[in-house]
>>> print(open('entry-v4.tsv').read())   # TSV, C-alpha atoms and all ligand atoms
chain	number	residue	atom	x	y	z
A	1	MET	CA	65.55	-107.32	-273.87
A	2	SER	CA	65.25	-109.71	-270.96
A	3	THR	CA	63.72	-109.48	-267.54
A	4	THR	CA	63.84	-111.52	-264.42
A	5	ALA	CA	60.72	-109.97	-262.91
A	6	PRO	CA	58.30	-112.57	-261.55
A	7	ILE	CA	55.19	-113.16	-263.63
A	8	GLY	CA	52.53	-110.59	-262.88
A	9	GLU	CA	54.92	-107.94	-261.58
A	10	ASP	CA	56.03	-104.89	-263.49
A	11	LYS	CA	58.99	-105.49	-265.72
A	12	LYS	CA	61.85	-103.05	-265.62
A	13	VAL	CA	62.30	-101.40	-268.99
A	14	PRO	CA	66.01	-100.97	-269.57
A	15	GLU	CA	67.16	-97.46	-270.33
A	16	VAL	CA	67.62	-97.02	-274.04
A	17	THR	CA	70.34	-94.75	-275.26
A	18	SER	CA	69.59	-93.61	-278.75
A	19	LYS	CA	70.36	-90.64	-280.92
A	20	LEU	CA	68.02	-88.79	-283.22
A	21	VAL	CA	68.41	-89.51	-286.92
A	22	PRO	CA	66.57	-87.98	-289.88
A	23	ILE	CA	64.15	-90.14	-291.84
A	24	TYR	CA	61.81	-89.07	-294.64
A	25	VAL	CA	58.23	-90.31	-294.55
A	26	MET	CA	56.51	-89.69	-297.88
A	27	GLY	CA	59.06	-86.99	-298.57
A	28	LYS	CA	58.83	-85.14	-295.28
A	29	ARG	CA	61.73	-85.09	-292.83
A	30	TYR	CA	61.38	-86.22	-289.22
A	31	ASP	CA	64.10	-86.66	-286.60
A	32	VAL	CA	63.49	-89.88	-284.69
A	33	PRO	CA	65.39	-92.07	-282.17
A	34	ASP	CA	67.51	-94.56	-284.08
A	35	SER	CA	66.39	-97.41	-281.82
A	36	LEU	CA	62.79	-97.36	-283.09
A	37	THR	CA	61.14	-99.53	-285.69
A	38	ILE	CA	59.69	-97.68	-288.68
A	39	MET	CA	56.22	-98.07	-287.19
A	40	LYS	CA	57.20	-96.62	-283.83
A	41	ALA	CA	59.19	-93.86	-285.54
A	42	MET	CA	56.12	-92.89	-287.54
A	43	GLU	CA	54.03	-92.77	-284.38
A	44	TYR	CA	56.81	-90.77	-282.70
A	45	SER	CA	56.52	-88.35	-285.64
A	46	GLY	CA	52.80	-87.89	-285.11
A	47	TYR	CA	51.30	-90.48	-287.45
A	48	LYS	CA	48.37	-92.44	-286.12
A	49	PHE	CA	47.79	-95.90	-287.54
A	50	ILE	CA	44.23	-96.52	-288.58
A	51	ARG	CA	45.37	-98.60	-291.58
A	52	GLY	CA	48.70	-100.27	-292.31
A	53	CYS	CA	49.08	-101.80	-288.90
A	54	GLY	CA	47.67	-104.94	-287.37
A	55	CYS	CA	49.56	-107.44	-285.29
A	56	ARG	CA	52.76	-105.38	-284.76
A	57	GLY	CA	54.53	-108.71	-284.61
A	58	GLY	CA	55.49	-109.54	-288.21
A	59	ILE	CA	52.50	-111.81	-288.76
A	60	CYS	CA	49.64	-109.92	-290.41
A	61	GLY	CA	51.38	-108.36	-293.40
A	62	ALA	CA	49.56	-105.05	-293.03
A	63	CYS	CA	52.66	-102.86	-292.75
A	64	GLY	CA	54.64	-103.49	-295.95
A	65	THR	CA	57.05	-100.60	-296.43
A	66	VAL	CA	59.22	-99.56	-299.34
A	67	TYR	CA	62.36	-97.59	-298.60
A	68	ARG	CA	65.60	-96.40	-300.01
A	69	LYS	CA	68.74	-95.28	-298.25
A	70	THR	CA	70.48	-91.99	-299.01
A	71	GLY	CA	72.89	-92.32	-301.92
A	72	ASP	CA	71.65	-95.79	-302.90
A	73	TYR	CA	69.40	-96.38	-305.91
A	74	LYS	CA	68.17	-99.73	-304.57
A	75	LEU	CA	64.56	-99.97	-303.43
A	76	ARG	CA	64.24	-102.16	-300.36
A	77	VAL	CA	61.23	-103.51	-298.51
A	78	GLY	CA	60.54	-104.39	-294.92
A	79	LEU	CA	57.75	-104.64	-292.43
A	80	ALA	CA	57.30	-101.34	-290.59
A	81	CYS	CA	56.74	-103.19	-287.33
A	82	GLN	CA	59.99	-105.16	-287.61
A	83	THR	CA	62.46	-102.93	-289.44
A	84	VAL	CA	64.55	-100.50	-287.41
A	85	VAL	CA	65.02	-97.03	-288.89
A	86	GLU	CA	68.33	-95.99	-290.38
A	87	GLU	CA	69.69	-92.54	-290.84
A	88	GLY	CA	68.52	-91.00	-294.10
A	89	MET	CA	65.85	-93.60	-294.87
A	90	TYR	CA	63.25	-92.51	-297.44
A	91	LEU	CA	60.12	-94.51	-296.98
A	92	THR	CA	56.48	-94.99	-297.65
A	93	GLN	CA	54.06	-97.65	-296.50
A	94	ILE	CA	52.03	-99.79	-298.90
A	95	PRO	CA	49.39	-101.19	-296.57
A	96	PHE	CA	47.25	-102.56	-299.37
A	97	TYR	CA	48.02	-103.66	-302.90
A	98	PRO	CA	45.13	-103.87	-305.38
A	99	ALA	CA	46.01	-107.32	-306.71
A	100	ASN	CA	43.56	-109.66	-308.41
A	101	ARG	CA	41.94	-112.22	-306.16
A	102	THR	CA	39.67	-114.74	-307.81
A	103	VAL	CA	36.57	-115.79	-305.93
A	104	PHE	CA	36.01	-119.54	-306.22
A	105	ASP	CA	33.49	-122.00	-304.88
A	106	TYR	CA	35.57	-124.01	-302.41
A	107	GLU	CA	33.04	-126.81	-301.95
A	108	ALA	CA	32.63	-127.33	-305.69
A	109	THR	CA	36.32	-127.10	-306.52
A	110	ALA	CA	38.14	-130.33	-307.30
A	111	PRO	CA	41.65	-130.63	-305.76
A	112	VAL	CA	43.38	-130.63	-309.12
A	113	PRO	CA	45.97	-128.22	-310.58
A	114	GLU	CA	43.57	-127.25	-313.37
A	115	ALA	CA	41.29	-125.57	-310.81
A	116	VAL	CA	44.09	-123.14	-309.94
A	117	PHE	CA	45.12	-122.72	-313.58
A	118	LYS	CA	41.55	-121.77	-314.45
A	119	ALA	CA	41.25	-119.33	-311.54
A	120	TYR	CA	44.61	-117.72	-312.25
A	121	PRO	CA	45.62	-118.22	-315.91
A	122	GLU	CA	48.15	-115.38	-315.51
A	123	LEU	CA	50.31	-117.94	-313.67
A	124	PHE	CA	51.72	-118.92	-317.03
A	125	ARG	CA	52.89	-115.42	-317.77
A	126	CYS	CA	55.63	-115.89	-315.16
A	127	VAL	CA	59.03	-115.44	-316.80
A	128	ALA	CA	60.95	-116.56	-313.70
A	129	CYS	CA	62.61	-113.17	-313.24
A	130	ASN	CA	62.72	-113.78	-309.45
A	131	ALA	CA	61.84	-110.13	-308.62
A	132	CYS	CA	59.09	-111.50	-306.33
A	133	THR	CA	61.54	-113.51	-304.24
A	134	LYS	CA	63.96	-110.61	-303.99
A	135	ILE	CA	61.34	-108.21	-302.69
A	136	CYS	CA	59.71	-110.56	-300.16
A	137	PRO	CA	60.23	-109.21	-296.62
A	138	MET	CA	59.74	-112.72	-295.24
A	139	ASP	CA	62.34	-114.37	-297.49
A	140	VAL	CA	59.71	-116.63	-299.00
A	141	PRO	CA	60.98	-118.28	-302.22
A	142	VAL	CA	58.05	-116.86	-304.19
A	143	MET	CA	59.29	-117.72	-307.68
A	144	ASP	CA	59.92	-121.31	-306.57
A	145	TYR	CA	56.43	-121.79	-305.19
A	146	VAL	CA	54.96	-120.28	-308.36
A	147	ALA	CA	56.97	-122.86	-310.33
A	148	ALA	CA	55.61	-125.61	-308.04
A	149	VAL	CA	52.04	-124.45	-308.69
A	150	LYS	CA	52.70	-124.51	-312.43
A	151	ARG	CA	53.94	-128.10	-312.09
A	152	GLY	CA	50.78	-128.94	-310.15
A	153	ASP	CA	52.84	-129.79	-307.05
A	154	PHE	CA	50.48	-128.54	-304.33
A	155	GLU	CA	52.50	-130.05	-301.51
A	156	LYS	CA	55.70	-128.23	-302.49
A	157	ALA	CA	53.86	-124.96	-303.16
A	158	THR	CA	52.22	-125.18	-299.74
A	159	GLU	CA	55.50	-125.90	-298.00
A	160	LEU	CA	57.39	-123.11	-299.78
A	161	SER	CA	54.69	-120.48	-299.30
A	162	PHE	CA	53.89	-121.33	-295.70
A	163	ASP	CA	55.58	-118.22	-294.22
A	164	CYS	CA	53.72	-115.83	-296.53
A	165	ILE	CA	51.97	-113.06	-294.58
A	166	GLN	CA	49.98	-111.76	-297.58
A	167	CYS	CA	51.59	-108.31	-297.64
A	168	GLY	CA	51.36	-108.18	-301.44
A	169	MET	CA	54.83	-106.81	-302.10
A	170	CYS	CA	55.55	-109.64	-304.59
A	171	ALA	CA	52.60	-108.56	-306.72
A	172	SER	CA	53.88	-104.99	-306.73
A	173	ARG	CA	57.03	-106.11	-308.55
A	174	CYS	CA	55.61	-108.81	-310.82
A	175	MET	CA	56.02	-108.09	-314.52
A	176	ALA	CA	53.47	-110.82	-315.27
A	177	GLU	CA	51.03	-108.88	-313.07
A	178	MET	CA	49.96	-111.85	-311.04
A	179	ALA	CA	49.04	-111.98	-307.38
A	180	GLN	CA	51.36	-114.74	-306.22
A	181	TYR	CA	50.16	-114.60	-302.62
A	182	HIS	CA	46.49	-115.08	-303.51
A	183	ILE	CA	47.39	-117.98	-305.80
A	184	ALA	CA	49.40	-119.63	-303.02
A	185	GLN	CA	46.55	-119.13	-300.59
A	186	MET	CA	44.15	-120.92	-302.91
A	187	VAL	CA	46.63	-123.78	-303.23
A	188	ARG	CA	47.10	-124.04	-299.45
A	189	ARG	CA	43.35	-124.06	-298.88
A	190	ILE	CA	42.82	-126.85	-301.38
A	191	TYR	CA	45.83	-128.82	-300.18
A	192	GLY	CA	45.02	-128.43	-296.48
A	193	GLY	CA	41.30	-129.04	-296.81
A	194	LYS	CA	41.04	-131.58	-299.60
A	195	ILE	CA	44.34	-133.40	-300.04
A	196	THR	CA	46.08	-133.87	-296.70
A	197	PRO	CA	44.67	-136.62	-294.45
A	198	LYS	CA	42.26	-135.45	-291.79
A	199	ALA	CA	43.80	-134.86	-288.36
A	200	THR	CA	42.10	-137.44	-286.17
A	201	HIS	CA	43.21	-135.82	-282.89
A	202	LEU	CA	41.53	-132.57	-284.01
A	203	ALA	CA	38.33	-134.40	-284.93
A	204	ASP	CA	38.40	-136.09	-281.51
A	205	MET	CA	38.79	-132.76	-279.75
A	206	VAL	CA	35.93	-131.20	-281.75
A	207	ASP	CA	33.75	-134.15	-280.71
A	208	ASN	CA	34.83	-133.60	-277.11
A	209	ILE	CA	33.88	-129.93	-277.26
A	210	LYS	CA	30.54	-130.69	-278.90
A	211	GLY	CA	29.95	-133.38	-276.28
A	212	GLY	CA	30.26	-130.75	-273.52
A	213	ARG	CA	33.54	-131.91	-271.97
A	214	PHE	CA	34.62	-128.35	-271.15
A	215	LYS	CA	31.20	-126.89	-270.44
A	216	ALA	CA	31.31	-127.11	-266.64
A	217	GLY	CA	34.80	-125.58	-266.46
A	218	LEU	CA	33.83	-122.72	-268.75
A	219	GLU	CA	30.67	-122.02	-266.79
A	220	GLU	CA	32.76	-121.90	-263.64
A	221	LEU	CA	35.17	-119.41	-265.23
A	222	LYS	CA	32.31	-117.25	-266.50
A	223	LYS	CA	31.07	-116.91	-262.92
A	224	THR	CA	34.51	-115.91	-261.61
A	225	ASP	CA	35.21	-112.23	-260.96
A	226	VAL	CA	37.88	-110.42	-262.96
A	227	SER	CA	40.46	-110.02	-260.19
A	228	THR	CA	40.36	-113.76	-259.41
A	229	LEU	CA	40.65	-114.51	-263.11
A	230	LYS	CA	43.71	-112.27	-263.31
A	231	LYS	CA	45.29	-114.08	-260.38
A	232	LEU	CA	44.53	-117.45	-261.91
A	233	TYR	CA	46.04	-116.35	-265.19
A	234	MET	CA	49.18	-114.75	-263.80
A	235	SER	CA	50.03	-116.96	-260.87
A	236	LYS	CA	52.62	-119.66	-261.39
A	237	GLU	CA	50.97	-121.80	-258.73
A	238	ALA	CA	47.53	-121.67	-260.38
A	239	ARG	CA	48.66	-122.10	-263.95
A	240	GLU	CA	51.55	-124.13	-265.20
A	241	ILE	CA	53.10	-122.12	-267.98
A	242	GLU	CA	55.00	-123.65	-270.84
A	243	PRO	CA	58.67	-122.70	-270.52
A	244	ASN	CA	60.14	-120.55	-273.30
A	245	MET	CA	62.53	-123.25	-274.43
A	246	SER	CA	60.28	-126.22	-273.94
A	247	GLU	CA	60.50	-129.63	-275.52
A	248	ASP	CA	58.40	-130.05	-278.67
A	249	GLU	CA	56.12	-132.43	-276.85
A	250	TRP	CA	55.76	-130.43	-273.61
A	251	THR	CA	52.52	-130.99	-271.68
A	252	PRO	CA	51.52	-129.64	-268.27
A	253	SER	CA	51.58	-132.07	-265.37
A	254	ASN	CA	47.83	-131.59	-264.94
A	255	ASN	CA	46.50	-132.41	-268.38
A	256	ALA	CA	42.89	-133.05	-267.45
A	257	ASN	CA	41.76	-130.43	-269.93
A	258	LEU	CA	43.86	-131.57	-272.85
B	301	LIG	S1	51.77	-104.91	-288.22
B	301	LIG	FE1	51.45	-107.02	-288.72
B	301	LIG	S2	53.20	-107.54	-289.90
B	301	LIG	FE2	53.61	-105.52	-289.24
>>> encode(input="entry-v4.tsv", output="structure tokens")
Amino acid sequence: MSTTAPIGEDKKVPEVTSKLVPIYVMGKRYDVPDSLTIMKAMEYSGYKFIRGCGCRGGICGACGTVYRKTGDYKLRVGLACQTVVEEGMYLTQIPFYPANRTVFDYEATAPVPEAVFKAYPELFRCVACNACTKICPMDVPVMDYVAAVKRGDFEKATELSFDCIQCGMCASRCMAEMAQYHIAQMVRRIYGGKITPKATHLADMVDNIKGGRFKAGLEELKKTDVSTLKKLYMSKEAREIEPNMSEDEWTPSNNANL
């Protein structure tokens, strides 16, 4: 969907032509527009999300869904907020998976592979069946990052698991009964916090903040009424907005606050 409406003005929602198709949520049939995502179709059917929904944008991993199509034995997975319904879909959401998560003392933990091996000895029960990779709705190469952890290669494991959204679907299929996503999170924390070099520009900015560089500007904003704030936020003249397809190194022309 695209719009040419100026910033701050109502966008025109294009007319959607869709037909109703049957889907089955936890065994019960509902007829829903075929243009909806699973999440919207469930809401259309009367479900209210108080669990199993967070960001709605494919980031939080709260809406893992298992489904099967009519006449097909194969179990598939997707995120309810991203997957569009299909006629005859049988589905259920798995918003939480009770996988093991080891609590560890971050400060006292040495950045060595043995720390992870000790926290998650089940790592070595992996038989490289690859069921975890096949089920991942984010196409993360789960088996490969597990292999990297076993080799003690934190950098590779961090890189390969970076797109993980912690939905837990990999653990649901693992015959070694490990929680791959929690293991990868421990590795990323150790790698990011204790192995990679410190980001000096970030440290500089933290010093700037602590030194009060933005205090006056924030105080000014706090005193501003809501309608002026809205104008400041929405107006192209008042706020230079990064273009959608900007250069990697894009910066606003007024970078006094950077
Ligand atoms: S609601 Fe966050 S990933 Fe779907």
>>> closest_residue(input="entry-v4.tsv", among="A:Lys48, A:Arg56, A:Arg29, A:Lys118", to="ligand LIG 301 (chain B)", atoms="all atoms listed in the file")
A:Arg56
>>> closest_residue(input="entry-v4.tsv", among="A:Val32, A:Val84, A:Ala147, A:Cys167", to="ligand LIG 301 (chain B)", atoms="all atoms listed in the file")
A:Cys167
>>> closest_residue(input="entry-v4.tsv", among="A:Leu160, A:Ala62, A:Ala176, A:Met245", to="Cys81 (chain A)", atoms="only C-alpha atoms")
A:Ala62
>>> residues_near_ligand(input="entry-v4.tsv", ligand="ligand LIG 301 (chain B)", cutoff="12 Å", atoms="only C-alpha atoms and all ligand atoms", output="PDB file with C-alpha atoms, keeping the file's coordinate frame")
ATOM      1  CA  THR A  37      61.140 -99.530-285.690  1.00  0.00           C
ATOM      2  CA  ILE A  38      59.690 -97.680-288.680  1.00  0.00           C
ATOM      3  CA  MET A  39      56.220 -98.070-287.190  1.00  0.00           C
ATOM      4  CA  LYS A  40      57.200 -96.620-283.830  1.00  0.00           C
ATOM      5  CA  PHE A  49      47.790 -95.900-287.540  1.00  0.00           C
ATOM      6  CA  ILE A  50      44.230 -96.520-288.580  1.00  0.00           C
ATOM      7  CA  ARG A  51      45.370 -98.600-291.580  1.00  0.00           C
ATOM      8  CA  GLY A  52      48.700-100.270-292.310  1.00  0.00           C
ATOM      9  CA  CYS A  53      49.080-101.800-288.900  1.00  0.00           C
ATOM     10  CA  GLY A  54      47.670-104.940-287.370  1.00  0.00           C
ATOM     11  CA  CYS A  55      49.560-107.440-285.290  1.00  0.00           C
ATOM     12  CA  ARG A  56      52.760-105.380-284.760  1.00  0.00           C
ATOM     13  CA  GLY A  57      54.530-108.710-284.610  1.00  0.00           C
ATOM     14  CA  GLY A  58      55.490-109.540-288.210  1.00  0.00           C
ATOM     15  CA  ILE A  59      52.500-111.810-288.760  1.00  0.00           C
ATOM     16  CA  CYS A  60      49.640-109.920-290.410  1.00  0.00           C
ATOM     17  CA  GLY A  61      51.380-108.360-293.400  1.00  0.00           C
ATOM     18  CA  ALA A  62      49.560-105.050-293.030  1.00  0.00           C
ATOM     19  CA  CYS A  63      52.660-102.860-292.750  1.00  0.00           C
ATOM     20  CA  GLY A  64      54.640-103.490-295.950  1.00  0.00           C
ATOM     21  CA  THR A  65      57.050-100.600-296.430  1.00  0.00           C
ATOM     22  CA  GLY A  78      60.540-104.390-294.920  1.00  0.00           C
ATOM     23  CA  LEU A  79      57.750-104.640-292.430  1.00  0.00           C
ATOM     24  CA  ALA A  80      57.300-101.340-290.590  1.00  0.00           C
ATOM     25  CA  CYS A  81      56.740-103.190-287.330  1.00  0.00           C
ATOM     26  CA  GLN A  82      59.990-105.160-287.610  1.00  0.00           C
ATOM     27  CA  THR A  83      62.460-102.930-289.440  1.00  0.00           C
ATOM     28  CA  GLN A  93      54.060 -97.650-296.500  1.00  0.00           C
ATOM     29  CA  ILE A  94      52.030 -99.790-298.900  1.00  0.00           C
ATOM     30  CA  PRO A  95      49.390-101.190-296.570  1.00  0.00           C
ATOM     31  CA  PRO A 137      60.230-109.210-296.620  1.00  0.00           C
ATOM     32  CA  MET A 138      59.740-112.720-295.240  1.00  0.00           C
ATOM     33  CA  ASP A 163      55.580-118.220-294.220  1.00  0.00           C
ATOM     34  CA  CYS A 164      53.720-115.830-296.530  1.00  0.00           C
ATOM     35  CA  ILE A 165      51.970-113.060-294.580  1.00  0.00           C
ATOM     36  CA  GLN A 166      49.980-111.760-297.580  1.00  0.00           C
ATOM     37  CA  CYS A 167      51.590-108.310-297.640  1.00  0.00           C
ATOM     38  CA  GLY A 168      51.360-108.180-301.440  1.00  0.00           C
TER      39      GLY A 168
END
>>> atom_distance(input="entry-v4.tsv", atom1="CA of Val142 (chain A)", atom2="CA of Val66 (chain A)")
18.0 Å
>>> closest_residue(input="entry-v4.tsv", among="A:Gln185, A:Thr17, A:Thr228, A:Thr200", to="Phe104 (chain A)", atoms="all atoms listed in the file")
A:Gln185
>>> closest_residue(input="entry-v4.tsv", among="A:Lys236, A:Ala199, A:Val77, A:Pro113", to="Ile135 (chain A)", atoms="only C-alpha atoms")
A:Val77
>>> closest_residue(input="entry-v4.tsv", among="A:Thr92, A:Ser253, A:Ser18, A:Gln180", to="Met42 (chain A)", atoms="all atoms listed in the file")
A:Thr92
>>> residues_around(input="entry-v4.tsv", residues="Cys126 (chain A)", least_positions_apart="6", cutoff="9 Å", atoms="only C-alpha atoms", output="list in words")
Met143, Val146, Ala147, Cys174, Met175, Ala176, Glu177 and Met178 of chain A
